[in-house]
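protein01.csv, holding CSV, C-alpha atoms:
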```csv
chain,number,residue,atom,x,y,z
V,1,MET,CA,95.8,-178.6,-42.2
V,2,PRO,CA,93.6,-179.7,-45.1
V,3,GLY,CA,93.9,-183.3,-46.4
V,4,GLY,CA,95.5,-186.3,-44.8
V,5,PHE,CA,98.8,-188.2,-45.2
V,6,GLY,CA,100.3,-187.6,-48.6
V,7,ALA,CA,98.1,-184.6,-49.5
V,8,ILE,CA,99.9,-182.1,-51.8
V,9,LEU,CA,100.5,-178.8,-50.0
V,10,SER,CA,102.2,-177.0,-52.7
V,11,MET,CA,104.2,-177.4,-56.0
V,12,GLY,CA,107.1,-175.6,-57.5
V,13,GLY,CA,109.1,-175.8,-60.7
V,14,SER,CA,111.1,-178.8,-59.5
V,15,CYS,CA,109.3,-180.3,-56.5
V,16,PHE,CA,106.1,-180.8,-54.5
V,17,VAL,CA,105.5,-180.7,-50.8
V,18,SER,CA,103.2,-183.2,-49.2
V,19,TYR,CA,101.7,-183.6,-45.7
V,20,VAL,CA,102.9,-186.2,-43.3
V,21,ASP,CA,101.5,-185.2,-39.9
V,22,LYS,CA,101.1,-182.1,-37.7
V,23,GLU,CA,104.8,-182.2,-37.0
V,24,GLY,CA,106.2,-182.5,-40.5
V,25,GLN,CA,106.0,-182.2,-44.3
V,26,ARG,CA,107.8,-184.0,-47.0
V,27,ARG,CA,109.6,-182.3,-49.9
V,28,SER,CA,109.9,-184.5,-53.0
V,29,TYR,CA,111.3,-183.5,-56.4
V,30,CYS,CA,109.3,-184.3,-59.5
V,31,SER,CA,112.0,-183.6,-62.1
V,32,ASN,CA,114.4,-186.1,-63.5
V,33,SER,CA,117.7,-186.7,-61.7
V,34,CYS,CA,116.3,-185.3,-58.5
V,35,GLU,CA,118.3,-187.4,-56.0
V,36,GLU,CA,121.3,-185.0,-56.3
V,37,LEU,CA,119.1,-182.0,-55.6
V,38,LEU,CA,117.6,-183.7,-52.5
V,39,ALA,CA,121.1,-184.7,-51.3
V,40,ARG,CA,122.3,-181.1,-51.8
V,41,GLU,CA,119.5,-179.6,-49.8
V,42,TYR,CA,119.9,-182.2,-47.0
V,43,ALA,CA,123.6,-181.4,-46.8
V,44,ILE,CA,122.7,-177.7,-46.4
V,45,TYR,CA,120.4,-178.4,-43.5
V,46,ARG,CA,123.0,-180.6,-41.8
V,47,HIS,CA,125.7,-177.9,-42.3
V,48,LEU,CA,123.4,-175.2,-40.8
V,49,GLY,CA,122.4,-177.4,-37.8
V,50,LYS,CA,119.7,-176.6,-35.4
V,51,HIS,CA,118.5,-173.0,-35.0
V,52,ASN,CA,115.2,-171.5,-33.9
V,53,ARG,CA,115.0,-169.6,-37.2
V,54,ILE,CA,115.6,-172.6,-39.5
V,55,LEU,CA,113.1,-175.3,-40.3
V,56,ARG,CA,113.9,-178.6,-38.6
V,57,CYS,CA,115.0,-181.3,-41.0
V,58,PHE,CA,114.1,-184.8,-39.9
V,59,GLY,CA,116.3,-186.6,-42.5
V,60,LEU,CA,116.4,-187.9,-46.1
V,61,ASP,CA,113.9,-190.7,-46.2
V,62,GLU,CA,113.7,-193.5,-48.7
V,63,ILE,CA,110.1,-193.7,-50.0
V,64,HIS,CA,108.0,-195.6,-52.5
V,65,SER,CA,110.9,-197.8,-53.8
V,66,PRO,CA,114.6,-198.3,-53.3
V,67,GLY,CA,116.7,-195.3,-54.3
V,68,VAL,CA,113.8,-192.8,-54.3
V,69,HIS,CA,114.0,-190.3,-51.5
V,70,ALA,CA,112.1,-187.3,-49.9
V,71,LEU,CA,113.3,-184.7,-47.5
V,72,GLY,CA,111.4,-184.6,-44.1
V,73,LEU,CA,110.9,-181.0,-42.9
V,74,GLU,CA,109.1,-179.3,-40.1
V,75,LEU,CA,105.5,-178.2,-41.0
V,76,ALA,CA,104.8,-174.5,-40.9
V,77,PRO,CA,101.1,-174.2,-39.9
V,78,LEU,CA,100.6,-170.8,-41.5
V,79,GLY,CA,102.4,-171.6,-44.8
V,80,THR,CA,104.7,-169.1,-46.4
V,81,VAL,CA,104.8,-165.3,-46.2
V,82,ARG,CA,103.4,-165.2,-49.7
V,83,ASP,CA,100.4,-167.2,-48.5
V,84,LEU,CA,99.8,-164.5,-45.9
V,85,ILE,CA,100.0,-161.7,-48.6
V,86,HIS,CA,97.9,-163.3,-51.3
V,87,LYS,CA,95.6,-165.8,-49.6
V,88,GLN,CA,95.1,-165.1,-45.9
V,89,PHE,CA,95.2,-161.3,-45.7
V,90,PRO,CA,95.1,-160.0,-49.3
V,91,ASN,CA,93.4,-156.8,-48.3
V,92,GLU,CA,94.7,-156.4,-44.7
V,93,PRO,CA,98.4,-156.0,-44.5
V,94,LEU,CA,100.1,-157.0,-41.3
V,95,PRO,CA,101.4,-154.1,-39.2
V,96,GLU,CA,104.3,-152.3,-40.7
V,97,GLN,CA,106.7,-153.3,-37.9
V,98,THR,CA,105.8,-157.0,-38.5
V,99,ARG,CA,106.4,-156.7,-42.2
V,100,LEU,CA,109.8,-155.2,-41.5
V,101,GLN,CA,110.8,-158.3,-39.7
V,102,ILE,CA,109.9,-160.9,-42.3
V,103,CYS,CA,110.7,-161.9,-45.9
V,104,ARG,CA,109.1,-164.1,-48.5
V,105,ASN,CA,110.8,-167.5,-48.4
V,106,PRO,CA,110.5,-168.2,-44.7
V,107,MET,CA,107.7,-170.4,-43.4
V,108,VAL,CA,105.3,-168.9,-40.9
V,109,PHE,CA,104.5,-170.2,-37.5
V,110,ASP,CA,102.2,-169.0,-34.7
V,111,GLY,CA,102.6,-165.4,-33.8
V,112,TYR,CA,104.1,-164.7,-37.3
V,113,CYS,CA,107.4,-166.2,-36.2
V,114,VAL,CA,109.3,-167.1,-39.4
V,115,LYS,CA,111.8,-169.8,-40.1
V,116,PHE,CA,114.1,-170.1,-43.1
V,117,GLY,CA,114.0,-173.1,-45.5
V,118,ASP,CA,114.1,-174.0,-49.2
V,119,PHE,CA,117.8,-174.3,-49.5
V,120,GLY,CA,117.8,-176.3,-52.7
V,121,GLY,CA,119.9,-173.8,-54.6
V,122,SER,CA,122.3,-172.8,-51.8
V,123,ILE,CA,126.0,-173.4,-51.7
V,124,ILE,CA,128.4,-174.0,-48.8
V,125,ARG,CA,131.5,-171.7,-48.8
V,126,GLY,CA,134.6,-173.8,-49.5
V,127,ARG,CA,132.6,-176.6,-51.1
V,128,GLU,CA,131.5,-174.9,-54.3
V,129,SER,CA,132.8,-177.9,-56.4
V,130,SER,CA,130.4,-180.1,-54.6
V,131,PHE,CA,127.5,-177.6,-54.9
V,132,PRO,CA,127.6,-176.0,-58.3
V,133,GLU,CA,126.1,-172.5,-58.5
V,134,THR,CA,122.5,-172.5,-59.4
V,135,VAL,CA,120.3,-169.4,-59.8
V,136,ALA,CA,116.7,-169.4,-60.9
V,137,GLU,CA,114.0,-166.8,-60.2
V,138,GLU,CA,110.4,-166.3,-61.1
V,139,PRO,CA,110.0,-163.6,-63.9
V,140,ARG,CA,109.1,-160.8,-61.5
V,141,TYR,CA,112.3,-161.4,-59.5
V,142,GLU,CA,114.7,-161.6,-62.5
V,143,LEU,CA,117.5,-159.1,-62.9
V,144,PRO,CA,117.1,-157.4,-66.3
V,145,CYS,CA,120.0,-158.1,-68.7
V,146,ARG,CA,120.6,-154.4,-69.5
V,147,GLY,CA,122.5,-155.3,-72.6
V,148,ARG,CA,124.2,-158.3,-71.1
V,149,GLU,CA,123.8,-162.0,-71.8
V,150,MET,CA,121.7,-163.7,-69.1
V,151,ARG,CA,124.3,-166.4,-68.5
V,152,LYS,CA,126.9,-163.7,-67.7
V,153,LEU,CA,124.8,-161.8,-65.2
V,154,PRO,CA,126.6,-161.6,-61.8
V,155,THR,CA,125.0,-164.1,-59.4
V,156,VAL,CA,125.2,-161.7,-56.5
V,157,LYS,CA,123.5,-159.0,-58.4
V,158,ARG,CA,120.7,-161.4,-59.4
V,159,GLU,CA,120.3,-162.4,-55.8
V,160,LEU,CA,120.2,-158.8,-54.6
V,161,PHE,CA,117.7,-157.8,-57.2
V,162,ALA,CA,115.5,-160.6,-56.1
V,163,LEU,CA,116.0,-159.5,-52.5
V,164,GLY,CA,114.9,-156.0,-53.3
V,165,THR,CA,111.8,-157.3,-55.1
V,166,CYS,CA,111.0,-159.5,-52.1
V,167,MET,CA,111.2,-156.6,-49.7
V,168,TYR,CA,108.9,-154.6,-52.1
V,169,GLU,CA,106.3,-157.4,-52.1
V,170,ILE,CA,106.2,-157.6,-48.3
V,171,MET,CA,106.1,-153.8,-47.7
V,172,ALA,CA,103.7,-153.0,-50.5
V,173,TRP,CA,101.7,-156.2,-49.7
V,174,MET,CA,101.5,-157.0,-53.4
V,175,ARG,CA,103.7,-158.4,-56.2
V,176,SER,CA,105.7,-156.1,-58.4
V,177,PHE,CA,103.4,-154.9,-61.2
V,178,HIS,CA,100.7,-157.2,-59.9
V,179,GLU,CA,98.3,-155.9,-62.5
V,180,LEU,CA,100.5,-157.1,-65.4
V,181,PRO,CA,101.0,-160.7,-66.6
V,182,SER,CA,104.5,-162.0,-65.7
V,183,HIS,CA,105.8,-162.0,-69.2
V,184,GLU,CA,105.4,-158.2,-69.5
V,185,VAL,CA,107.2,-157.3,-66.3
V,186,GLY,CA,110.7,-158.0,-67.7
V,187,GLY,CA,110.2,-155.3,-70.3
V,188,ARG,CA,109.4,-152.8,-67.7
V,189,TYR,CA,112.6,-153.7,-65.8
V,190,GLU,CA,114.7,-153.4,-68.9
V,191,ARG,CA,113.4,-149.8,-69.3
V,192,SER,CA,114.2,-149.1,-65.7
V,193,GLU,CA,110.6,-148.8,-64.8
V,194,PHE,CA,109.8,-150.0,-61.3
V,195,PRO,CA,106.8,-149.8,-59.0
V,196,SER,CA,106.4,-146.7,-56.9
V,197,LEU,CA,108.0,-146.8,-53.5
V,198,ASP,CA,106.2,-143.7,-52.1
V,199,ASN,CA,104.3,-145.5,-49.4
V,200,ILE,CA,107.3,-147.5,-48.1
V,201,PRO,CA,109.5,-146.3,-45.2
V,202,VAL,CA,112.3,-144.2,-46.6
V,203,VAL,CA,115.2,-146.4,-45.6
V,204,VAL,CA,113.6,-149.6,-46.8
V,205,ALA,CA,112.6,-147.9,-50.1
V,206,GLN,CA,116.3,-146.8,-50.5
V,207,ALA,CA,117.4,-150.4,-50.0
V,208,ILE,CA,114.9,-151.7,-52.5
V,209,ARG,CA,115.9,-149.1,-55.1
V,210,ASN,CA,119.6,-149.8,-54.6
V,211,CYS,CA,119.0,-153.6,-55.2
V,212,TRP,CA,117.0,-152.9,-58.3
V,213,HIS,CA,119.7,-150.6,-59.7
V,214,GLU,CA,122.6,-152.9,-58.9
V,215,ILE,CA,124.2,-150.4,-56.4
V,216,TYR,CA,125.1,-153.1,-53.9
V,217,ASP,CA,127.9,-155.7,-54.2
V,218,CYS,CA,127.0,-157.8,-51.2
V,219,VAL,CA,124.0,-158.3,-48.9
V,220,GLU,CA,126.0,-156.8,-45.9
V,221,GLU,CA,125.5,-153.4,-47.6
V,222,VAL,CA,121.7,-153.9,-47.5
V,223,VAL,CA,121.9,-154.9,-43.8
V,224,GLU,CA,124.1,-151.9,-43.0
V,225,LEU,CA,121.6,-149.5,-44.5
V,226,LEU,CA,118.6,-151.1,-42.8
V,227,GLU,CA,120.3,-151.1,-39.4
V,228,GLU,CA,121.1,-147.3,-39.5
```
If you convert what's in this file into structure tokens, what do you get?
Amino acid sequence: MPGGFGAILSMGGSCFVSYVDKEGQRRSYCSNSCEELLAREYAIYRHLGKHNRILRCFGLDEIHSPGVHALGLELAPLGTVRDLIHKQFPNEPLPEQTRLQICRNPMVFDGYCVKFGDFGGSIIRGRESSFPETVAEEPRYELPCRGREMRKLPTVKRELFALGTCMYEIMAWMRSFHELPSHEVGGRYERSEFPSLDNIPVVVAQAIRNCWHEIYDCVEEVVELLEE
């Protein structure tokens, strides 16, 4: 792992991840009013509990000064699935069967074992008032408005569109319209223009297509098709 204690491993729109030791990493938010976001994610990890497919959470630690916290998480030695695609094996896709078993957000461990993390925008059923709904995707993962206002787009449809795009990125081993700048991709989506699915297994391609065209109403429908 490059760098020593405190080295920045990655940065996102609202946080950065720094190195602690070979066992853990620290997730800190760099936007204003970040304490609520950290508390929310910590609550999600506590609610989920220990599981061999979920990153271990070591706690919400006070750092630097009173009232400033960071979330201690298990370190994934191989980074994220996106790191595999775009940094470690950009021209050598993993075997198809391996790609069918992973998705983008999970962190990657030895043997390409994946664990889920990054629950900052998640909610707990029955506690929606404590965890207001938040949805934010990068441009290539955004559901097109198709004549609607962005703020009125159904959250589930947005999440499912992102899921389909995630599956495409893993199976095609490249981002959607990777040859275009991000700001041009939305226009393609609005015109119902999507990347070719010709080289993707038929059932997976159908699931991706259905996510893109808002056929599904819940993720269970995606699972049902993929398990056929």
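Atom CA of Leu163 of chain V sits 8.1 Å away from atom CA of Tyr141 of chain V.
Using all atoms listed in the file, the contacts of Glu137 of chain V at a cut-off of 10 Å, with sequence neighbours closer than 2 positions omitted, comprise Val135, Pro139, Arg140, Tyr141, Glu142, Leu143, Arg158, Glu159 and Ala162 of chain V.
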**Q.** For atom CA of Glu224 of chain V and atom CA of Ala207 of chain V, the interatomic separation in Å (one decimal)
**A.** 9.8 Å
Q. Nearest to Arg40 of chain V among V:Ile124, V:Ile200, V:Leu78, V:Met167, with distances taken over only C-alpha atoms: which residue is it?
A. V:Ile124
Test item: residues at most 12 Å from Glu193 of chain V, all atoms listed in the file, excluding those fewer than 4 positions along its chain, as a JSON list (two decimals) with C-alpha atoms, in the frame of the given file:
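Okay, this is what ended up in result_3.json:
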```
[["chain", "number", "residue", "atom", "x", "y", "z"],
["V", 144, "PRO", "CA", 117.10, -157.40, -66.30],
["V", 176, "SER", "CA", 105.70, -156.10, -58.40],
["V", 177, "PHE", "CA", 103.40, -154.90, -61.20],
["V", 184, "GLU", "CA", 105.40, -158.20, -69.50],
["V", 185, "VAL", "CA", 107.20, -157.30, -66.30],
["V", 186, "GLY", "CA", 110.70, -158.00, -67.70],
["V", 187, "GLY", "CA", 110.20, -155.30, -70.30],
["V", 188, "ARG", "CA", 109.40, -152.80, -67.70],
["V", 189, "TYR", "CA", 112.60, -153.70, -65.80],
["V", 197, "LEU", "CA", 108.00, -146.80, -53.50],
["V", 209, "ARG", "CA", 115.90, -149.10, -55.10],
["V", 212, "TRP", "CA", 117.00, -152.90, -58.30],
["V", 213, "HIS", "CA", 119.70, -150.60, -59.70]]
```
Q. Between V:Glu190, V:Ser196, V:Phe109, V:Ala172, which one has atoms that come closest to His86 of chain V, using all atoms listed in the file?
A. V:Ala172
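Distance annotation: of V:Ile54, V:Val114, V:Leu37, V:Cys145, the residue with the minimal separation from Val81 of chain V is V:Val114; atom set is all atoms listed in the file.
Nearest to Arg82 of chain V of all the residues V:Leu60, V:Leu55, V:Ile123, V:Ile170 is V:Ile170, based on only C-alpha atoms.
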